[in-house]
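Raw contents of structure_2.pdb, PDB, C-alpha atoms and all ligand atoms:
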```pdb
ATOM      1  CA  MET C   1      60.482  34.039 -40.218
ATOM      2  CA  LYS C   2      60.319  34.673 -36.480
ATOM      3  CA  LEU C   3      62.945  33.711 -33.917
ATOM      4  CA  ILE C   4      61.969  33.272 -30.284
ATOM      5  CA  ALA C   5      64.409  32.513 -27.470
ATOM      6  CA  GLY C   6      63.665  30.573 -24.313
ATOM      7  CA  ASN C   7      65.684  31.393 -21.211
ATOM      8  CA  SER C   8      68.158  28.506 -21.429
ATOM      9  CA  ASN C   9      70.643  30.031 -23.821
ATOM     10  CA  ARG C  10      70.111  33.719 -24.483
ATOM     11  CA  ARG C  11      73.679  34.302 -25.707
ATOM     12  CA  LEU C  12      73.487  31.629 -28.390
ATOM     13  CA  SER C  13      70.009  32.815 -29.447
ATOM     14  CA  GLU C  14      71.298  36.379 -29.829
ATOM     15  CA  ALA C  15      74.285  35.161 -31.854
ATOM     16  CA  ILE C  16      71.939  33.205 -34.154
ATOM     17  CA  SER C  17      69.667  36.221 -34.557
ATOM     18  CA  GLU C  18      72.661  38.433 -35.454
ATOM     19  CA  ARG C  19      73.796  35.991 -38.111
ATOM     20  CA  LEU C  20      70.296  35.861 -39.606
ATOM     21  CA  ALA C  21      69.884  39.644 -39.290
ATOM     22  CA  THR C  22      66.495  38.944 -37.666
ATOM     23  CA  SER C  23      65.770  40.230 -34.191
ATOM     24  CA  LEU C  24      64.415  37.952 -31.497
ATOM     25  CA  ALA C  25      60.645  38.255 -31.110
ATOM     26  CA  ASN C  26      59.373  40.150 -28.129
ATOM     27  CA  ALA C  27      58.192  37.527 -25.654
ATOM     28  CA  ASP C  28      58.101  37.091 -21.896
ATOM     29  CA  ILE C  29      58.867  33.633 -20.595
ATOM     30  CA  ARG C  30      58.853  33.766 -16.835
ATOM     31  CA  THR C  31      58.246  31.676 -13.749
ATOM     32  CA  PHE C  32      55.645  32.426 -11.104
ATOM     33  CA  LYS C  33      56.626  32.224  -7.439
ATOM     34  CA  ASP C  34      55.179  28.704  -7.202
ATOM     35  CA  GLY C  35      57.431  27.521 -10.058
ATOM     36  CA  GLU C  36      54.829  27.518 -12.847
ATOM     37  CA  VAL C  37      55.985  28.806 -16.228
ATOM     38  CA  PHE C  38      54.040  31.583 -17.918
ATOM     39  CA  VAL C  39      54.535  32.763 -21.490
ATOM     40  CA  GLU C  40      53.323  35.863 -23.278
ATOM     41  CA  ILE C  41      54.267  36.601 -26.876
ATOM     42  CA  HIS C  42      53.999  40.322 -27.488
ATOM     43  CA  GLU C  43      53.875  40.316 -31.272
ATOM     44  CA  ASN C  44      51.773  38.768 -33.971
ATOM     45  CA  VAL C  45      52.935  35.315 -35.118
ATOM     46  CA  ARG C  46      49.844  34.338 -37.122
ATOM     47  CA  GLY C  47      50.933  32.527 -40.271
ATOM     48  CA  GLU C  48      54.631  32.857 -39.365
ATOM     49  CA  ASP C  49      57.422  30.296 -39.729
ATOM     50  CA  VAL C  50      58.638  30.294 -36.114
ATOM     51  CA  PHE C  51      61.940  28.982 -34.761
ATOM     52  CA  LEU C  52      61.899  28.562 -30.989
ATOM     53  CA  ILE C  53      65.423  28.225 -29.559
ATOM     54  CA  GLN C  54      65.730  26.376 -26.262
ATOM     55  CA  SER C  55      68.216  23.830 -24.907
ATOM     56  CA  THR C  56      66.778  21.442 -22.343
ATOM     57  CA  SER C  57      69.871  21.911 -20.199
ATOM     58  CA  ASN C  58      70.121  22.303 -16.415
ATOM     59  CA  PRO C  59      67.593  22.969 -14.884
ATOM     60  CA  ALA C  60      66.353  20.432 -17.417
ATOM     61  CA  ASN C  61      62.744  20.227 -16.274
ATOM     62  CA  ASP C  62      62.216  24.004 -16.103
ATOM     63  CA  HIS C  63      63.749  24.491 -19.529
ATOM     64  CA  LEU C  64      61.693  21.640 -20.947
ATOM     65  CA  MET C  65      58.483  23.147 -19.551
ATOM     66  CA  GLU C  66      59.406  26.532 -21.057
ATOM     67  CA  LEU C  67      59.862  24.831 -24.416
ATOM     68  CA  LEU C  68      56.522  23.015 -24.171
ATOM     69  CA  ILE C  69      54.497  25.961 -22.906
ATOM     70  CA  THR C  70      55.986  28.395 -25.438
ATOM     71  CA  THR C  71      55.209  25.901 -28.213
ATOM     72  CA  ASP C  72      51.632  25.717 -26.939
ATOM     73  CA  ALA C  73      51.389  29.525 -26.934
ATOM     74  CA  LEU C  74      52.669  29.662 -30.520
ATOM     75  CA  THR C  75      50.230  26.953 -31.655
ATOM     76  CA  ARG C  76      47.307  28.826 -30.107
ATOM     77  CA  ALA C  77      48.553  32.051 -31.719
ATOM     78  CA  SER C  78      48.244  30.383 -35.155
ATOM     79  CA  ALA C  79      51.917  30.207 -36.142
ATOM     80  CA  SER C  80      51.994  28.342 -39.447
ATOM     81  CA  ARG C  81      54.995  26.198 -38.578
ATOM     82  CA  ILE C  82      56.941  25.793 -35.347
ATOM     83  CA  THR C  83      60.477  24.435 -35.351
ATOM     84  CA  ALA C  84      61.823  23.516 -31.928
ATOM     85  CA  VAL C  85      65.515  24.414 -32.164
ATOM     86  CA  ILE C  86      67.066  22.370 -29.345
ATOM     87  CA  PRO C  87      70.858  22.845 -29.451
ATOM     88  CA  TYR C  88      71.213  20.424 -26.506
ATOM     89  CA  PHE C  89      68.526  17.767 -26.228
ATOM     90  CA  GLY C  90      68.508  16.748 -22.565
ATOM     91  CA  TYR C  91      67.235  13.329 -21.423
ATOM     92  CA  ALA C  92      68.934  11.859 -24.512
ATOM     93  CA  ARG C  93      70.979   9.446 -22.412
ATOM     94  CA  GLN C  94      67.738   7.801 -21.250
ATOM     95  CA  ASP C  95      67.124   6.350 -24.695
ATOM     96  CA  ARG C  96      66.514   2.697 -23.757
ATOM     97  CA  LYS C  97      65.349   0.594 -20.852
ATOM     98  CA  ALA C  98      68.571   0.461 -18.855
ATOM     99  CA  GLY C  99      67.076  -2.076 -16.455
ATOM    100  CA  PRO C 100      63.768  -3.594 -15.454
ATOM    101  CA  ARG C 101      61.018  -1.080 -14.604
ATOM    102  CA  THR C 102      62.914   1.960 -15.910
ATOM    103  CA  PRO C 103      61.530   4.554 -18.359
ATOM    104  CA  ILE C 104      62.621   5.560 -21.847
ATOM    105  CA  SER C 105      62.521   9.247 -20.995
ATOM    106  CA  ALA C 106      63.979  10.466 -24.306
ATOM    107  CA  LYS C 107      60.939   8.992 -26.072
ATOM    108  CA  LEU C 108      58.558  10.576 -23.556
ATOM    109  CA  VAL C 109      60.209  13.989 -24.066
ATOM    110  CA  ALA C 110      59.917  13.566 -27.848
ATOM    111  CA  ASN C 111      56.204  12.792 -27.439
ATOM    112  CA  LEU C 112      55.693  15.849 -25.232
ATOM    113  CA  ILE C 113      57.369  18.179 -27.738
ATOM    114  CA  THR C 114      55.225  16.814 -30.563
ATOM    115  CA  THR C 115      52.031  16.974 -28.510
ATOM    116  CA  ALA C 116      52.748  20.596 -27.557
ATOM    117  CA  GLY C 117      52.563  21.421 -31.274
ATOM    118  CA  ALA C 118      56.089  21.441 -32.720
ATOM    119  CA  ASP C 119      56.122  20.688 -36.451
ATOM    120  CA  ARG C 120      59.860  20.005 -36.726
ATOM    121  CA  VAL C 121      62.917  19.652 -34.552
ATOM    122  CA  LEU C 122      66.410  20.956 -35.190
ATOM    123  CA  THR C 123      69.106  19.715 -32.855
ATOM    124  CA  VAL C 124      72.854  19.122 -32.658
ATOM    125  CA  ASP C 125      74.884  15.950 -32.038
ATOM    126  CA  LEU C 126      72.137  13.809 -30.550
ATOM    127  CA  HIS C 127      73.555  11.326 -28.066
ATOM    128  CA  ALA C 128      72.366   8.543 -30.382
ATOM    129  CA  GLY C 129      71.292   9.216 -33.965
ATOM    130  CA  GLN C 130      68.344   6.845 -33.659
ATOM    131  CA  ILE C 131      66.626   9.238 -31.202
ATOM    132  CA  GLN C 132      65.480  11.015 -34.395
ATOM    133  CA  GLY C 133      63.109   8.078 -34.781
ATOM    134  CA  PHE C 134      61.462   8.917 -31.446
ATOM    135  CA  PHE C 135      59.878  11.915 -33.171
ATOM    136  CA  ASP C 136      57.088  11.446 -35.699
ATOM    137  CA  ILE C 137      57.868  14.883 -37.134
ATOM    138  CA  PRO C 138      60.878  15.832 -39.311
ATOM    139  CA  THR C 139      64.031  16.023 -37.188
ATOM    140  CA  ASP C 140      67.344  17.437 -38.372
ATOM    141  CA  ASN C 141      70.374  16.398 -36.363
ATOM    142  CA  LEU C 142      73.330  18.689 -37.099
ATOM    143  CA  TYR C 143      76.966  17.762 -36.478
ATOM    144  CA  ALA C 144      79.394  20.230 -34.922
ATOM    145  CA  VAL C 145      82.381  18.278 -36.266
ATOM    146  CA  LYS C 146      83.481  21.030 -38.713
ATOM    147  CA  GLU C 147      83.650  23.597 -35.910
ATOM    148  CA  PHE C 148      85.837  21.242 -33.857
ATOM    149  CA  GLU C 149      88.027  20.320 -36.840
ATOM    150  CA  GLN C 150      88.778  23.993 -37.367
ATOM    151  CA  ARG C 151      89.676  24.474 -33.680
ATOM    152  CA  VAL C 152      91.948  21.377 -33.745
ATOM    153  CA  ARG C 153      93.814  22.730 -36.770
ATOM    154  CA  GLU C 154      94.270  26.106 -35.035
ATOM    155  CA  HIS C 155      95.575  24.423 -31.868
ATOM    156  CA  HIS C 156      98.125  22.445 -33.854
ATOM    157  CA  ASN C 157      99.036  25.323 -36.203
ATOM    158  CA  GLY C 158      97.963  23.167 -39.115
ATOM    159  CA  ASP C 159     100.470  20.417 -38.241
ATOM    160  CA  ILE C 160      98.295  17.432 -37.364
ATOM    161  CA  GLY C 161     100.917  14.791 -38.245
ATOM    162  CA  HIS C 162     101.030  13.355 -34.712
ATOM    163  CA  VAL C 163      97.361  13.535 -33.898
ATOM    164  CA  THR C 164      95.212  10.506 -32.996
ATOM    165  CA  VAL C 165      91.466  10.852 -32.461
ATOM    166  CA  VAL C 166      90.116   8.895 -29.490
ATOM    167  CA  SER C 167      86.616   7.703 -28.768
ATOM    168  CA  PRO C 168      86.155   7.526 -24.974
ATOM    169  CA  ASP C 169      83.842   4.530 -25.315
ATOM    170  CA  VAL C 170      82.835   1.973 -27.877
ATOM    171  CA  GLY C 171      79.495   3.759 -28.491
ATOM    172  CA  GLY C 172      81.227   6.916 -29.738
ATOM    173  CA  VAL C 173      83.347   5.349 -32.470
ATOM    174  CA  VAL C 174      81.263   6.593 -35.414
ATOM    175  CA  ARG C 175      81.450  10.166 -34.109
ATOM    176  CA  ALA C 176      85.223   9.972 -33.516
ATOM    177  CA  ARG C 177      85.804   8.413 -36.922
ATOM    178  CA  ALA C 178      84.010  11.369 -38.561
ATOM    179  CA  LEU C 179      86.510  13.775 -36.971
ATOM    180  CA  ALA C 180      89.489  11.530 -37.841
ATOM    181  CA  LYS C 181      88.314  11.424 -41.467
ATOM    182  CA  ARG C 182      88.114  15.223 -41.643
ATOM    183  CA  LEU C 183      91.618  15.447 -40.147
ATOM    184  CA  ASN C 184      93.168  13.892 -43.257
ATOM    185  CA  GLY C 185      92.299  10.357 -42.108
ATOM    186  CA  ARG C 186      94.357  10.458 -38.889
ATOM    187  CA  PRO C 187      94.311   7.197 -36.858
ATOM    188  CA  LEU C 188      91.627   6.311 -34.362
ATOM    189  CA  ALA C 189      91.934   4.792 -30.893
ATOM    190  CA  ILE C 190      89.167   3.565 -28.600
ATOM    191  CA  VAL C 191      88.953   3.459 -24.828
ATOM    192  CA  ASP C 192      87.388   0.180 -23.795
ATOM    193  CA  LYS C 193      86.085   0.455 -20.230
ATOM    194  CA  ARG C 194      85.067  -2.681 -18.481
ATOM    195  CA  ARG C 195      84.409  -3.975 -15.008
ATOM    196  CA  GLU C 196      85.655  -7.551 -14.750
ATOM    197  CA  GLY C 197      83.182  -8.378 -12.000
ATOM    198  CA  PRO C 198      80.813  -6.843  -9.463
ATOM    199  CA  GLY C 199      82.654  -4.673  -6.951
ATOM    200  CA  GLN C 200      85.903  -4.739  -8.946
ATOM    201  CA  SER C 201      87.334  -1.461 -10.177
ATOM    202  CA  GLU C 202      86.997  -0.455 -13.808
ATOM    203  CA  VAL C 203      89.789  -1.463 -16.197
ATOM    204  CA  MET C 204      90.598   0.787 -19.115
ATOM    205  CA  ASN C 205      92.097  -0.800 -22.201
ATOM    206  CA  ILE C 206      93.221   1.320 -25.099
ATOM    207  CA  ILE C 207      92.542  -0.161 -28.513
ATOM    208  CA  GLY C 208      95.043   1.367 -30.941
ATOM    209  CA  ASP C 209      98.557   2.801 -30.655
ATOM    210  CA  VAL C 210      98.748   6.184 -28.920
ATOM    211  CA  LYS C 211     102.484   6.270 -28.120
ATOM    212  CA  ASP C 212     103.967   9.734 -28.779
ATOM    213  CA  GLN C 213     100.647  10.918 -30.176
ATOM    214  CA  HIS C 214      98.701  14.076 -29.405
ATOM    215  CA  CYS C 215      95.376  12.462 -28.495
ATOM    216  CA  LEU C 216      92.083  14.237 -29.124
ATOM    217  CA  ILE C 217      89.157  12.751 -27.247
ATOM    218  CA  PHE C 218      85.949  13.440 -29.166
ATOM    219  CA  ASP C 219      82.613  12.968 -27.373
ATOM    220  CA  ASP C 220      79.051  14.303 -27.370
ATOM    221  CA  ILE C 221      78.616  15.039 -23.653
ATOM    222  CA  VAL C 222      80.883  15.942 -20.761
ATOM    223  CA  ASP C 223      78.893  15.827 -17.552
ATOM    224  CA  SER C 224      80.876  15.101 -14.365
ATOM    225  CA  GLY C 225      84.102  15.009 -16.404
ATOM    226  CA  GLY C 226      84.872  11.548 -14.999
ATOM    227  CA  THR C 227      84.901   9.801 -18.382
ATOM    228  CA  LEU C 228      87.295  12.384 -19.841
ATOM    229  CA  CYS C 229      89.719  12.583 -16.926
ATOM    230  CA  ASN C 230      89.938   8.799 -16.584
ATOM    231  CA  ALA C 231      90.395   8.311 -20.316
ATOM    232  CA  ALA C 232      93.076  11.038 -20.381
ATOM    233  CA  SER C 233      95.041   9.312 -17.577
ATOM    234  CA  ALA C 234      94.806   5.943 -19.339
ATOM    235  CA  LEU C 235      96.091   7.496 -22.582
ATOM    236  CA  ILE C 236      99.048   9.186 -20.832
ATOM    237  CA  ASP C 237      99.865   5.837 -19.149
ATOM    238  CA  LYS C 238     100.028   4.293 -22.618
ATOM    239  CA  GLY C 239     102.586   6.864 -23.740
ATOM    240  CA  ALA C 240     100.454   9.622 -25.309
ATOM    241  CA  LYS C 241     102.344  12.940 -25.585
ATOM    242  CA  SER C 242      99.305  15.056 -24.735
ATOM    243  CA  VAL C 243      95.548  14.695 -24.377
ATOM    244  CA  SER C 244      92.927  17.301 -25.161
ATOM    245  CA  ALA C 245      89.170  16.865 -25.458
ATOM    246  CA  TYR C 246      86.569  18.236 -27.870
ATOM    247  CA  VAL C 247      82.998  17.701 -26.703
ATOM    248  CA  THR C 248      79.791  19.143 -28.162
ATOM    249  CA  HIS C 249      77.671  19.511 -25.036
ATOM    250  CA  GLY C 250      79.322  20.904 -21.899
ATOM    251  CA  VAL C 251      76.822  19.755 -19.259
ATOM    252  CA  LEU C 252      79.624  20.156 -16.682
ATOM    253  CA  SER C 253      77.546  19.521 -13.559
ATOM    254  CA  ASP C 254      78.643  20.274 -10.006
ATOM    255  CA  ASN C 255      82.438  20.426  -9.724
ATOM    256  CA  ALA C 256      83.226  19.227 -13.234
ATOM    257  CA  ALA C 257      85.189  22.398 -14.116
ATOM    258  CA  ASP C 258      87.370  21.875 -11.016
ATOM    259  CA  ARG C 259      87.911  18.254 -11.885
ATOM    260  CA  ILE C 260      89.008  19.221 -15.426
ATOM    261  CA  MET C 261      91.304  21.892 -13.962
ATOM    262  CA  GLN C 262      92.900  19.427 -11.577
ATOM    263  CA  SER C 263      93.524  16.693 -14.128
ATOM    264  CA  ASP C 264      97.252  16.463 -14.873
ATOM    265  CA  ALA C 265      96.586  14.328 -17.920
ATOM    266  CA  LEU C 266      94.083  16.565 -19.697
ATOM    267  CA  THR C 267      95.568  19.705 -21.274
ATOM    268  CA  ARG C 268      92.438  21.334 -22.576
ATOM    269  CA  LEU C 269      88.687  20.890 -23.025
ATOM    270  CA  VAL C 270      86.784  22.531 -25.867
ATOM    271  CA  VAL C 271      82.976  22.565 -25.673
ATOM    272  CA  SER C 272      80.369  24.215 -27.858
ATOM    273  CA  ASP C 273      77.898  26.860 -26.704
ATOM    274  CA  SER C 274      74.907  24.494 -27.083
ATOM    275  CA  ILE C 275      74.621  24.912 -23.297
ATOM    276  CA  GLU C 276      75.219  28.354 -21.802
ATOM    277  CA  ALA C 277      78.411  28.166 -19.744
ATOM    278  CA  PRO C 278      77.969  29.009 -16.055
ATOM    279  CA  GLN C 279      80.537  31.330 -14.455
ATOM    280  CA  ASP C 280      82.856  28.563 -13.181
ATOM    281  CA  VAL C 281      83.068  27.115 -16.679
ATOM    282  CA  SER C 282      83.702  30.471 -18.420
ATOM    283  CA  ASP C 283      86.348  31.267 -15.798
ATOM    284  CA  CYS C 284      88.167  27.930 -16.118
ATOM    285  CA  PRO C 285      91.425  28.557 -18.025
ATOM    286  CA  LYS C 286      91.471  24.983 -19.361
ATOM    287  CA  ILE C 287      88.012  25.208 -20.962
ATOM    288  CA  GLU C 288      87.420  26.884 -24.343
ATOM    289  CA  ILE C 289      84.097  27.497 -26.021
ATOM    290  CA  VAL C 290      83.494  27.181 -29.736
ATOM    291  CA  SER C 291      80.276  28.645 -31.125
ATOM    292  CA  ILE C 292      77.734  26.695 -33.153
ATOM    293  CA  ALA C 293      75.687  29.850 -33.863
ATOM    294  CA  THR C 294      76.695  29.969 -37.530
ATOM    295  CA  LEU C 295      75.860  26.275 -38.009
ATOM    296  CA  LEU C 296      72.406  26.705 -36.456
ATOM    297  CA  ALA C 297      71.716  29.986 -38.254
ATOM    298  CA  GLU C 298      72.557  28.418 -41.618
ATOM    299  CA  ALA C 299      70.348  25.391 -40.893
ATOM    300  CA  ILE C 300      67.464  27.694 -39.868
ATOM    301  CA  ARG C 301      67.925  29.725 -43.046
ATOM    302  CA  ARG C 302      67.829  26.562 -45.140
ATOM    303  CA  ILE C 303      64.746  25.164 -43.400
ATOM    304  CA  ALA C 304      62.948  28.490 -43.858
ATOM    305  CA  ASN C 305      63.862  28.510 -47.563
ATOM    306  CA  GLU C 306      63.054  24.790 -48.032
ATOM    307  CA  GLU C 307      66.692  24.068 -48.975
ATOM    308  CA  SER C 308      68.678  20.942 -48.207
ATOM    309  CA  VAL C 309      70.086  20.751 -44.677
ATOM    310  CA  SER C 310      72.093  17.557 -45.170
ATOM    311  CA  SER C 311      74.182  19.239 -47.884
ATOM    312  CA  LEU C 312      75.586  21.421 -45.066
ATOM    313  CA  PHE C 313      77.807  18.422 -44.291
ATOM    314  CA  ASP C 314      79.057  17.630 -47.808
TER     315      ASP C 314
HETATM  316  C1  LIG C 401      78.240   8.568 -22.573
HETATM  317  O1  LIG C 401      77.743   7.717 -23.304
HETATM  318  C2  LIG C 401      78.467   9.961 -23.036
HETATM  319  O2  LIG C 401      78.863   9.992 -24.386
HETATM  320  C3  LIG C 401      79.507  10.676 -22.181
HETATM  321  O3  LIG C 401      80.750  10.014 -22.329
HETATM  322  C4  LIG C 401      79.112  10.706 -20.725
HETATM  323  O4  LIG C 401      77.786  11.131 -20.571
HETATM  324  C5  LIG C 401      80.048  11.638 -19.955
HETATM  325  O5  LIG C 401      79.653  11.652 -18.612
HETATM  326  P1  LIG C 401      80.675  12.052 -17.457
HETATM  327  O6  LIG C 401      81.367  13.318 -17.903
HETATM  328  O7  LIG C 401      79.814  12.221 -16.249
HETATM  329  O8  LIG C 401      81.646  10.921 -17.290
END
```

Could I get this structure in the form of structure tokens?
Ligand code: R5P
Amino acid sequence: MKLIAGNSNRRLSEAISERLATSLANADIRTFKDGEVFVEIHENVRGEDVFLIQSTSNPANDHLMELLITTDALTRASASRITAVIPYFGYARQDRKAGPRTPISAKLVANLITTAGADRVLTVDLHAGQIQGFFDIPTDNLYAVKEFEQRVREHHNGDIGHVTVVSPDVGGVVRARALAKRLNGRPLAIVDKRREGPGQSEVMNIIGDVKDQHCLIFDDIVDSGGTLCNAASALIDKGAKSVSAYVTHGVLSDNAADRIMQSDALTRLVVSDSIEAPQDVSDCPKIEIVSIATLLAEAIRRIANEESVSSLFD
């Protein structure tokens, strides 16, 4: 087995390589002055089972090109199998025609990855499970729910009697229910956002009883932080005792860390290391990072040994 890291998430790649006791292959992935990506793999990969680790996080297009061009280099170097390990699959929110004359970019990205020569994809908490069907190659979608469950139990010192899991929108109910089930079947609440008419401000209804509960918002992506902060305020208004959030992919664009910091309603945000945290995120005292390195390393080990990956979640 060979592990190769793109430039998007060096820390996570190193953590995965430590857990697998396999060093990262010697490769140069760099950008010329005009912005073109150039890749040089400095060791033999002929006949190897290669795992290329790269999140298509910000800057999404540069990281995507690195993934594609490195895959091309590996194909031309006769690797026997290439698994694109994409801890955060960017463009996933563009998974349908949102309006007339708009693209389905998630499908285009899936096509590009396949055309570049990837034989399989390994990813984590896809925005929508059905994106797996955009790939005509085997795609394993891992769930980071166990990692978050463990962190929730630590935060509550094992006493989860007053915990309610909250989905911040109707689309995230299945994900939130999975966490609630793992937390001894704690109740579920749903934030129902709707705009009554054009130009009118958004109304947030809470479906479920959150009074005197410690609410845990569970989501796949935090980007601007707007969804989380608004949901947290609505929950506090409905009598929640506290609100914290557990989100797999910390996109956290622009001033999101500041916004999280300034929210009176939100006590804490936990994100995974699927996206490498920039300085403002690592420095934010309200944001914690939970690692998915062990989850990814175990899945890689199982794929390499042709073992079941789904049984990781039994
Ligand atoms: C939406 O469907 C996603 O699950 C997230 O809730 C959304 O992308 C978060 O975006 P933001 O943090 O910008 O509100």

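Residues matching the PyMOL selection byres (((not hetatm)) within 6 of (chain C and resi 401)) in this structure come to Asp219, Asp220, Ile221, Val222, Asp223, Ser224, Gly225, Gly226 and Thr227 of chain C.
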
For the provided coordinates, the residues matched by the PyMOL selection byres (((chain C and resi 61-72) around 10) and not hetatm) should be stated as a tab-separated table (two decimals) with C-alpha atoms, keeping the file's coordinate frame.
```
chain	number	residue	atom	x	y	z
C	4	ILE	CA	61.97	33.27	-30.28
C	5	ALA	CA	64.41	32.51	-27.47
C	6	GLY	CA	63.66	30.57	-24.31
C	7	ASN	CA	65.68	31.39	-21.21
C	8	SER	CA	68.16	28.51	-21.43
C	9	ASN	CA	70.64	30.03	-23.82
C	27	ALA	CA	58.19	37.53	-25.65
C	28	ASP	CA	58.10	37.09	-21.90
C	29	ILE	CA	58.87	33.63	-20.60
C	30	ARG	CA	58.85	33.77	-16.84
C	31	THR	CA	58.25	31.68	-13.75
C	35	GLY	CA	57.43	27.52	-10.06
C	36	GLU	CA	54.83	27.52	-12.85
C	37	VAL	CA	55.98	28.81	-16.23
C	38	PHE	CA	54.04	31.58	-17.92
C	39	VAL	CA	54.54	32.76	-21.49
C	40	GLU	CA	53.32	35.86	-23.28
C	41	ILE	CA	54.27	36.60	-26.88
C	50	VAL	CA	58.64	30.29	-36.11
C	51	PHE	CA	61.94	28.98	-34.76
C	52	LEU	CA	61.90	28.56	-30.99
C	53	ILE	CA	65.42	28.22	-29.56
C	54	GLN	CA	65.73	26.38	-26.26
C	55	SER	CA	68.22	23.83	-24.91
C	56	THR	CA	66.78	21.44	-22.34
C	57	SER	CA	69.87	21.91	-20.20
C	58	ASN	CA	70.12	22.30	-16.42
C	59	PRO	CA	67.59	22.97	-14.88
C	60	ALA	CA	66.35	20.43	-17.42
C	73	ALA	CA	51.39	29.52	-26.93
C	74	LEU	CA	52.67	29.66	-30.52
C	75	THR	CA	50.23	26.95	-31.66
C	76	ARG	CA	47.31	28.83	-30.11
C	77	ALA	CA	48.55	32.05	-31.72
C	79	ALA	CA	51.92	30.21	-36.14
C	82	ILE	CA	56.94	25.79	-35.35
C	83	THR	CA	60.48	24.44	-35.35
C	84	ALA	CA	61.82	23.52	-31.93
C	85	VAL	CA	65.52	24.41	-32.16
C	86	ILE	CA	67.07	22.37	-29.34
C	89	PHE	CA	68.53	17.77	-26.23
C	90	GLY	CA	68.51	16.75	-22.56
C	91	TYR	CA	67.24	13.33	-21.42
C	109	VAL	CA	60.21	13.99	-24.07
C	112	LEU	CA	55.69	15.85	-25.23
C	113	ILE	CA	57.37	18.18	-27.74
C	114	THR	CA	55.22	16.81	-30.56
C	115	THR	CA	52.03	16.97	-28.51
C	116	ALA	CA	52.75	20.60	-27.56
C	117	GLY	CA	52.56	21.42	-31.27
C	118	ALA	CA	56.09	21.44	-32.72
C	119	ASP	CA	56.12	20.69	-36.45
```

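With distances restricted to all atoms listed in the file, C:Met1 is the closest residue to Gly47 of chain C from C:Leu296, C:Ala106, C:Ala234, C:Met1.
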
Find the nearest atom pair between each residue of segment 154-189 of chain C and segment 129-132 of chain C for residues within 12 Å, count only C-alpha atoms, give distances in Å to one decimal, sort rows by chain and ascending number, and present the table as a tab-separated table.
```
residue	atom	partner	partner_atom	distance
C:Gly171	CA	C:Gly129	CA	11.3
C:Gly172	CA	C:Gly129	CA	11.0
C:Val174	CA	C:Gly129	CA	10.4
C:Arg175	CA	C:Gly129	CA	10.2
```

Keeping only C-alpha atoms, write the selected residues as a short mmCIF file (atom, residue, chain, number, x, y, z; two decimals), keeping the file's coordinate frame.
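Saved the output as selection-v2.cif:
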```
data_model
loop_
_atom_site.label_atom_id
_atom_site.label_comp_id
_atom_site.auth_asym_id
_atom_site.auth_seq_id
_atom_site.Cartn_x
_atom_site.Cartn_y
_atom_site.Cartn_z
CA GLY C 171 79.50 3.76 -28.49
CA GLY C 172 81.23 6.92 -29.74
CA VAL C 174 81.26 6.59 -35.41
CA ARG C 175 81.45 10.17 -34.11
#
```

(message) What's the separation between atom CA of Pro285 of chain C and atom CA of Arg259 of chain C, in Å to one decimal place?
(response) 12.5 Å

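Closest approach to Ser291 of chain C among C:Ile217, C:Leu20, C:Val309, C:Leu12: C:Leu12, based on only C-alpha atoms.
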
Sort by chain and increasing residue number a table of all residues of segment 69-169 of chain C within 12 Å of segment 265-277 of chain C, each with its closest pair of atoms and their distance in Å to one decimal, counting all atoms listed in the file, and write it as a Markdown table.
```
| residue | atom | partner | partner_atom | distance |
| --- | --- | --- | --- | --- |
| C:Val85 | CA | C:Ser274 | CA | 10.7 |
| C:Ile86 | CA | C:Ser274 | CA | 8.4 |
| C:Pro87 | CA | C:Ser274 | CA | 5.0 |
| C:Tyr88 | CA | C:Ser274 | CA | 5.5 |
| C:Phe89 | CA | C:Ser274 | CA | 9.3 |
| C:Gly90 | CA | C:Ile275 | CA | 10.2 |
| C:Thr123 | CA | C:Ser274 | CA | 9.5 |
| C:Val124 | CA | C:Ser274 | CA | 8.0 |
| C:Asp125 | CA | C:Ser274 | CA | 9.9 |
| C:Leu126 | CA | C:Ser274 | CA | 11.6 |
| C:Leu142 | CA | C:Ser274 | CA | 11.7 |
| C:Tyr143 | CA | C:Ser272 | CA | 11.3 |
| C:Ala144 | CA | C:Ser272 | CA | 8.2 |
| C:Val145 | CA | C:Ser272 | CA | 10.5 |
| C:Lys146 | CA | C:Ser272 | CA | 11.7 |
| C:Glu147 | CA | C:Ser272 | CA | 8.7 |
| C:Phe148 | CA | C:Val270 | CA | 8.1 |
| C:Glu149 | CA | C:Val270 | CA | 11.3 |
| C:Gln150 | CA | C:Val270 | CA | 11.8 |
| C:Arg151 | CA | C:Val270 | CA | 8.6 |
| C:Val152 | CA | C:Val270 | CA | 9.5 |
| C:His155 | CA | C:Arg268 | CA | 10.3 |
```

Kindly save the residues from that selection, with C-alpha atoms included, as a short mmCIF file (atom, residue, chain, number, x, y, z; two decimals), in the coordinates of the input.
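selection-v9.cif, freshly written:
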```cif
data_model
loop_
_atom_site.label_atom_id
_atom_site.label_comp_id
_atom_site.auth_asym_id
_atom_site.auth_seq_id
_atom_site.Cartn_x
_atom_site.Cartn_y
_atom_site.Cartn_z
CA VAL C 85 65.52 24.41 -32.16
CA ILE C 86 67.07 22.37 -29.34
CA PRO C 87 70.86 22.84 -29.45
CA TYR C 88 71.21 20.42 -26.51
CA PHE C 89 68.53 17.77 -26.23
CA GLY C 90 68.51 16.75 -22.56
CA THR C 123 69.11 19.72 -32.85
CA VAL C 124 72.85 19.12 -32.66
CA ASP C 125 74.88 15.95 -32.04
CA LEU C 126 72.14 13.81 -30.55
CA LEU C 142 73.33 18.69 -37.10
CA TYR C 143 76.97 17.76 -36.48
CA ALA C 144 79.39 20.23 -34.92
CA VAL C 145 82.38 18.28 -36.27
CA LYS C 146 83.48 21.03 -38.71
CA GLU C 147 83.65 23.60 -35.91
CA PHE C 148 85.84 21.24 -33.86
CA GLU C 149 88.03 20.32 -36.84
CA GLN C 150 88.78 23.99 -37.37
CA ARG C 151 89.68 24.47 -33.68
CA VAL C 152 91.95 21.38 -33.74
CA HIS C 155 95.58 24.42 -31.87
#
```
